[in-house]
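Everything on this sheet refers to the single structure shown next.
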Amino acid sequence: MHTDCTNARENGKSCQVYVCATPDGKALYFARENMHNHLLFLHDIRVPATNNEAERLLRNYKRKQAQAVTFRSFENIDYLCQCMSMLVLMRLEDPANIYDRVSRIFG
């Protein structure tokens, strides 16, 4: 499993968005108000030093943050993380019908 984190902004305060990614493409995004274990690979040999899959998946969040500039609440960051996790899993199951699946959920 690969993990990585990036800075997020909430009303001028700093928080963190993490992504955990498995080699088969599954991913989970989550937000934390404080940074924890971001250098865990230095202390635990079970944690890989390279996290290319997680870094690649965090680029999507960084693009969204550039559009939104800052979030008004921590809950909004958490909602975005939950949505991004669902979209990653939906793409793995059936990449051709991602629009249809999302429209059925919210339609």
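Please note that chains go A, B, ... in the order of the structure tokens, that every chain numbers its residues from 1, and that ligands are numbered from 1 in the order shown.
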What lies within 7 Å of range 18-22 of chain A using only C-alpha atoms, ignoring chain neighbours under 3 positions off, as a ChimeraX atom specification?
/A:1-6,25-31,53-54,58
Non-local contacts of Val102 in chain A (10 Å; only C-alpha atoms; under 6 positions in same chain excluded) as a PyMOL selection string:
chain A and resi 86-87+90
Students should find that CA of Leu92 in chain A and CA of Arg46 in chain A are spaced 26.4 Å
Counting only C-alpha atoms, what is within 7 Å of range 59-71 of chain A, bar same-chain residues fewer than 6 positions away, as a list in words?
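In the requested form, the answer reads Arg9, Glu10, Asn11 and Ile77 of chain A.
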Okay, now the selection with N, CA, C and O atoms, as a PDB file, in the first residue's frame?
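After the write, selection.pdb holds the following:
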ATOM      1  N   ARG A   9      -6.363  23.723   2.600  1.00  0.00           N
ATOM      2  CA  ARG A   9      -6.665  24.982   3.268  1.00  0.00           C
ATOM      3  C   ARG A   9      -8.138  25.037   3.647  1.00  0.00           C
ATOM      4  O   ARG A   9      -9.006  24.769   2.834  1.00  0.00           O
ATOM      5  N   GLU A  10      -8.371  25.437   4.880  1.00  0.00           N
ATOM      6  CA  GLU A  10      -9.733  25.599   5.385  1.00  0.00           C
ATOM      7  C   GLU A  10      -9.797  26.923   6.129  1.00  0.00           C
ATOM      8  O   GLU A  10      -9.229  27.057   7.205  1.00  0.00           O
ATOM      9  N   ASN A  11     -10.420  27.922   5.502  1.00  0.00           N
ATOM     10  CA  ASN A  11     -10.546  29.258   6.105  1.00  0.00           C
ATOM     11  C   ASN A  11      -9.216  29.798   6.610  1.00  0.00           C
ATOM     12  O   ASN A  11      -9.122  30.312   7.723  1.00  0.00           O
ATOM     13  N   ILE A  77     -13.959  19.547   2.895  1.00  0.00           N
ATOM     14  CA  ILE A  77     -12.783  18.794   2.462  1.00  0.00           C
ATOM     15  C   ILE A  77     -13.058  17.310   2.611  1.00  0.00           C
ATOM     16  O   ILE A  77     -12.736  16.516   1.716  1.00  0.00           O
TER      17      ILE A  77
END
In Å, how far is it from CA of Gln16 in chain A to CA of Arg32 in chain A?
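Computed distance, CA of Gln16 in chain A to CA of Arg32 in chain A, equals 5.2 Å.
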So that I can check the secondary structure, give me every residue of chain A assigned alpha helix (DSSP H) by backbone DSSP, as a VMD selection string.
chain A and resid 52 to 68 74 to 93 98 to 106
As an exercise, work out the distance from CA of Val17 in chain A to CA of Glu75 in chain A in Å and give it to one decimal place.
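A separation of 12.1 Å between them.
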